Amino acid sequence: MIPPRATSTPLGLGCAGRCRSGTEGKSVLLTGAAGFVGTHVSMALRKREDSVVGLDNFNSYYDPSLKMARKAVLASHGVFVVEGDINDGRLLAKLFDVVPFTHVMHLTSQAGVRYAIENPRSYIHSNIAGLVALFEACKSADRSRR
Ligand SMILES: NC(=O)c1ccc[n+]([C@@H]2O[C@H](COP(=O)([O-])OP(=O)(O)OC[C@H]3O[C@@H](n4cnc5c(N)ncnc54)[C@H](O)[C@@H]3O)[C@@H](O)[C@H]2O)c1
């Protein structure tokens, strides 16, 4: 377990500087952490002692209260989920600045097939533009800190 840190960061992360577990494991930014797959993967990574910071925008594609409940469960296992959108380049830059991530697990998505008829732009936003924004943030991250 990673012990909680007394001080906090501008993002509310209590793990700055500790989210890298050195030789014991990896430090992972997990997008879509409040989603179905993201929650399970976060827990699996924690089980093997990796440190995990989640990112999710808690959108209302399905009931956000379910995502909030997952956030609470994850918090009890040492995974803090930041509320934000992967298209927010400034937020991503800040996250990479505060936490020396070794890996990114990208599970954010606009899932579903039929919903594309109703809201096609949401797929462009999360699955295409968001992926590019994440790649750009990874590209700009300071690799010397890893
Ligand atoms: N659920 C399955 O059975 C299954 C099976 C195979 C593959 N997958 C794939 O796994 C991935 C995740 O699926 P899921 O079932 O967990 O979906 P999900 O909708 O439960 O999770 C996706 C999460 O991403 C978040 N999100 C969406 N857009 C975002 C954005 N722009 N910024 C930040 N967060 C955003 C949502 O709030 C949600 O919590 C998808 O690519 C899906 O195709 C899922």
# chains A, B, ... in the order shown; residues from 1 in each chain; ligands from 1
>>> residues_near_ligand(ligand="ligand 1", cutoff="7 Å", atoms="only C-alpha atoms and all ligand atoms", output="VMD selection string")
chain A and resid 31 to 38 55 to 59 67 84 to 87 107 to 111 125 to 126 130
>>> write_last_selection(atoms="N, CA and C atoms", output="short mmCIF file (atom, residue, chain, number, x, y, z; two decimals), in the first residue's frame")
data_model
loop_
_atom_site.label_atom_id
_atom_site.label_comp_id
_atom_site.auth_asym_id
_atom_site.auth_seq_id
_atom_site.Cartn_x
_atom_site.Cartn_y
_atom_site.Cartn_z
N THR A 31 -7.12 6.62 -17.72
CA THR A 31 -8.25 7.42 -18.18
C THR A 31 -9.51 6.56 -18.23
N GLY A 32 -10.64 7.18 -17.94
CA GLY A 32 -11.90 6.41 -17.90
C GLY A 32 -11.99 5.54 -16.66
N ALA A 33 -11.32 5.97 -15.59
CA ALA A 33 -11.21 5.14 -14.37
C ALA A 33 -12.56 4.88 -13.70
N ALA A 34 -13.53 5.77 -13.90
CA ALA A 34 -14.83 5.55 -13.26
C ALA A 34 -15.75 4.71 -14.14
N GLY A 35 -15.25 4.29 -15.29
CA GLY A 35 -16.04 3.44 -16.18
C GLY A 35 -15.99 1.98 -15.74
N PHE A 36 -16.74 1.17 -16.45
CA PHE A 36 -16.85 -0.25 -16.10
C PHE A 36 -15.47 -0.94 -16.17
N VAL A 37 -14.82 -0.84 -17.30
CA VAL A 37 -13.53 -1.52 -17.46
C VAL A 37 -12.46 -0.80 -16.63
N GLY A 38 -12.49 0.55 -16.67
CA GLY A 38 -11.47 1.34 -15.97
C GLY A 38 -11.40 1.04 -14.49
N LEU A 55 -8.58 9.43 -14.23
CA LEU A 55 -9.14 10.65 -14.81
C LEU A 55 -10.46 10.27 -15.48
N ASP A 56 -11.50 11.01 -15.18
CA ASP A 56 -12.80 10.71 -15.78
C ASP A 56 -13.65 11.98 -15.76
N ASN A 57 -14.47 12.15 -16.79
CA ASN A 57 -15.32 13.36 -16.79
C ASN A 57 -16.72 13.09 -16.25
N PHE A 58 -16.98 11.87 -15.80
CA PHE A 58 -18.26 11.52 -15.17
C PHE A 58 -19.45 11.97 -16.02
N ASN A 59 -19.33 11.74 -17.32
CA ASN A 59 -20.42 12.20 -18.19
C ASN A 59 -21.71 11.39 -17.97
N LYS A 67 -20.89 6.02 -11.46
CA LYS A 67 -19.45 6.37 -11.60
C LYS A 67 -18.91 6.97 -10.31
N GLY A 84 -12.24 15.35 -14.80
CA GLY A 84 -11.81 16.22 -15.89
C GLY A 84 -11.91 15.48 -17.22
N ASP A 85 -11.75 16.26 -18.27
CA ASP A 85 -11.91 15.73 -19.62
C ASP A 85 -10.53 15.52 -20.26
N ILE A 86 -10.38 14.44 -21.01
CA ILE A 86 -9.07 14.19 -21.63
C ILE A 86 -8.75 15.21 -22.71
N ASN A 87 -9.74 16.00 -23.11
CA ASN A 87 -9.45 17.06 -24.08
C ASN A 87 -8.88 18.31 -23.41
N LEU A 107 -8.56 4.13 -21.13
CA LEU A 107 -9.83 3.41 -21.19
C LEU A 107 -11.03 4.35 -21.26
N THR A 108 -10.74 5.64 -21.42
CA THR A 108 -11.82 6.59 -21.69
C THR A 108 -12.44 6.23 -23.03
N SER A 109 -13.74 6.28 -23.09
CA SER A 109 -14.34 6.12 -24.41
C SER A 109 -15.80 6.55 -24.40
N GLN A 110 -16.26 6.88 -25.57
CA GLN A 110 -17.71 6.97 -25.78
C GLN A 110 -18.07 5.62 -26.38
N ALA A 111 -18.65 4.76 -25.54
CA ALA A 111 -18.97 3.41 -26.00
C ALA A 111 -20.38 3.37 -26.60
N HIS A 125 -15.50 13.65 -29.99
CA HIS A 125 -14.92 14.33 -28.83
C HIS A 125 -14.06 13.39 -27.99
N SER A 126 -14.65 12.26 -27.58
CA SER A 126 -13.93 11.39 -26.63
C SER A 126 -12.98 10.42 -27.32
N GLY A 130 -10.04 13.36 -28.14
CA GLY A 130 -9.48 13.07 -26.81
C GLY A 130 -8.21 12.24 -26.90
#
>>> select_by_dssp(residues="stretch 31-114 of chain A", states="strand (DSSP E or B)", output="MDAnalysis selection string")
chainID A and resid 31 51:56 80:83 103:106
>>> closest_residue(among="A:Gly25, A:Ser122, A:Ala75, A:Asp63", to="A:Thr39", atoms="only C-alpha atoms")
A:Ala75
>>> residues_around(residues="A:Thr102", least_positions_apart="2", cutoff="7 Å", atoms="only C-alpha atoms", output="PyMOL selection string")
chain A and resi 26-28+100+146
>>> atom_distance(atom1="atom CA of A:Ala141", atom2="atom CA of A:Leu29")
12.4 Å
>>> select_by_dssp(residues="stretch 97-136 of chain A", states="helix (DSSP H, G or I)", output="ChimeraX atom specification")
/A:97-98,115-118,120-136
>>> residues_around(residues="A:Gly89", least_positions_apart="3", cutoff="12 Å", atoms="only C-alpha atoms", output="list in words")
Gly84, Asp85, Ile86, Leu92, Ala93, Lys94, Leu95, Phe96, Ala129, Gly130, Leu131, Val132, Ala133, Leu134, Phe135, Glu136, Ala137, Cys138, Lys139, Ser140 and Ala141 of chain A
>>> write_last_selection(atoms="N, CA and C atoms", output="PDB file, in the first residue's frame")
ATOM      1  N   GLY A  84     -12.239  15.349 -14.804  1.00  0.00           N
ATOM      2  CA  GLY A  84     -11.811  16.215 -15.893  1.00  0.00           C
ATOM      3  C   GLY A  84     -11.910  15.483 -17.215  1.00  0.00           C
ATOM      4  N   ASP A  85     -11.751  16.264 -18.266  1.00  0.00           N
ATOM      5  CA  ASP A  85     -11.912  15.726 -19.624  1.00  0.00           C
ATOM      6  C   ASP A  85     -10.533  15.518 -20.260  1.00  0.00           C
ATOM      7  N   ILE A  86     -10.380  14.441 -21.006  1.00  0.00           N
ATOM      8  CA  ILE A  86      -9.066  14.192 -21.628  1.00  0.00           C
ATOM      9  C   ILE A  86      -8.745  15.214 -22.714  1.00  0.00           C
ATOM     10  N   LEU A  92      -4.188  17.927 -18.311  1.00  0.00           N
ATOM     11  CA  LEU A  92      -3.278  16.798 -18.560  1.00  0.00           C
ATOM     12  C   LEU A  92      -1.829  17.212 -18.279  1.00  0.00           C
ATOM     13  N   ALA A  93      -1.461  18.405 -18.737  1.00  0.00           N
ATOM     14  CA  ALA A  93      -0.082  18.873 -18.509  1.00  0.00           C
ATOM     15  C   ALA A  93       0.203  18.974 -17.014  1.00  0.00           C
ATOM     16  N   LYS A  94      -0.789  19.464 -16.274  1.00  0.00           N
ATOM     17  CA  LYS A  94      -0.629  19.610 -14.825  1.00  0.00           C
ATOM     18  C   LYS A  94      -0.465  18.240 -14.168  1.00  0.00           C
ATOM     19  N   LEU A  95      -1.279  17.294 -14.610  1.00  0.00           N
ATOM     20  CA  LEU A  95      -1.192  15.941 -14.043  1.00  0.00           C
ATOM     21  C   LEU A  95       0.193  15.334 -14.296  1.00  0.00           C
ATOM     22  N   PHE A  96       0.663  15.464 -15.526  1.00  0.00           N
ATOM     23  CA  PHE A  96       1.979  14.911 -15.853  1.00  0.00           C
ATOM     24  C   PHE A  96       3.081  15.641 -15.092  1.00  0.00           C
ATOM     25  N   ALA A 129     -10.725  13.169 -30.840  1.00  0.00           N
ATOM     26  CA  ALA A 129     -10.028  14.369 -30.355  1.00  0.00           C
ATOM     27  C   ALA A 129      -9.337  14.090 -29.016  1.00  0.00           C
ATOM     28  N   GLY A 130     -10.038  13.363 -28.138  1.00  0.00           N
ATOM     29  CA  GLY A 130      -9.477  13.071 -26.815  1.00  0.00           C
ATOM     30  C   GLY A 130      -8.208  12.238 -26.903  1.00  0.00           C
ATOM     31  N   LEU A 131      -8.196  11.285 -27.810  1.00  0.00           N
ATOM     32  CA  LEU A 131      -7.007  10.442 -27.981  1.00  0.00           C
ATOM     33  C   LEU A 131      -5.822  11.289 -28.450  1.00  0.00           C
ATOM     34  N   VAL A 132      -6.097  12.184 -29.382  1.00  0.00           N
ATOM     35  CA  VAL A 132      -5.018  13.053 -29.887  1.00  0.00           C
ATOM     36  C   VAL A 132      -4.508  13.952 -28.752  1.00  0.00           C
ATOM     37  N   ALA A 133      -5.434  14.503 -27.963  1.00  0.00           N
ATOM     38  CA  ALA A 133      -5.032  15.363 -26.835  1.00  0.00           C
ATOM     39  C   ALA A 133      -4.148  14.592 -25.853  1.00  0.00           C
ATOM     40  N   LEU A 134      -4.505  13.349 -25.620  1.00  0.00           N
ATOM     41  CA  LEU A 134      -3.719  12.523 -24.697  1.00  0.00           C
ATOM     42  C   LEU A 134      -2.331  12.233 -25.282  1.00  0.00           C
ATOM     43  N   PHE A 135      -2.283  11.912 -26.567  1.00  0.00           N
ATOM     44  CA  PHE A 135      -0.983  11.679 -27.216  1.00  0.00           C
ATOM     45  C   PHE A 135      -0.105  12.923 -27.103  1.00  0.00           C
ATOM     46  N   GLU A 136      -0.718  14.083 -27.345  1.00  0.00           N
ATOM     47  CA  GLU A 136       0.048  15.334 -27.283  1.00  0.00           C
ATOM     48  C   GLU A 136       0.602  15.561 -25.878  1.00  0.00           C
ATOM     49  N   ALA A 137      -0.223  15.266 -24.864  1.00  0.00           N
ATOM     50  CA  ALA A 137       0.223  15.447 -23.478  1.00  0.00           C
ATOM     51  C   ALA A 137       1.370  14.483 -23.163  1.00  0.00           C
ATOM     52  N   CYS A 138       1.268  13.261 -23.653  1.00  0.00           N
ATOM     53  CA  CYS A 138       2.349  12.278 -23.424  1.00  0.00           C
ATOM     54  C   CYS A 138       3.626  12.756 -24.102  1.00  0.00           C
ATOM     55  N   LYS A 139       3.463  13.286 -25.292  1.00  0.00           N
ATOM     56  CA  LYS A 139       4.627  13.751 -26.068  1.00  0.00           C
ATOM     57  C   LYS A 139       5.344  14.893 -25.337  1.00  0.00           C
ATOM     58  N   SER A 140       4.549  15.760 -24.713  1.00  0.00           N
ATOM     59  CA  SER A 140       5.127  16.928 -24.054  1.00  0.00           C
ATOM     60  C   SER A 140       5.609  16.648 -22.633  1.00  0.00           C
ATOM     61  N   ALA A 141       5.262  15.501 -22.099  1.00  0.00           N
ATOM     62  CA  ALA A 141       5.624  15.226 -20.695  1.00  0.00           C
ATOM     63  C   ALA A 141       7.143  15.155 -20.553  1.00  0.00           C
TER      64      ALA A 141
END
>>> closest_residue(among="A:Tyr61, A:Ser42, A:Glu49, A:Ala69", to="A:Glu118", atoms="only C-alpha atoms")
A:Tyr61
>>> atom_distance(atom1="atom CA of A:Arg48", atom2="atom CA of A:Arg70")
19.3 Å
>>> atom_distance(atom1="atom CA of A:Leu30", atom2="atom CA of A:Val99")
12.4 Å
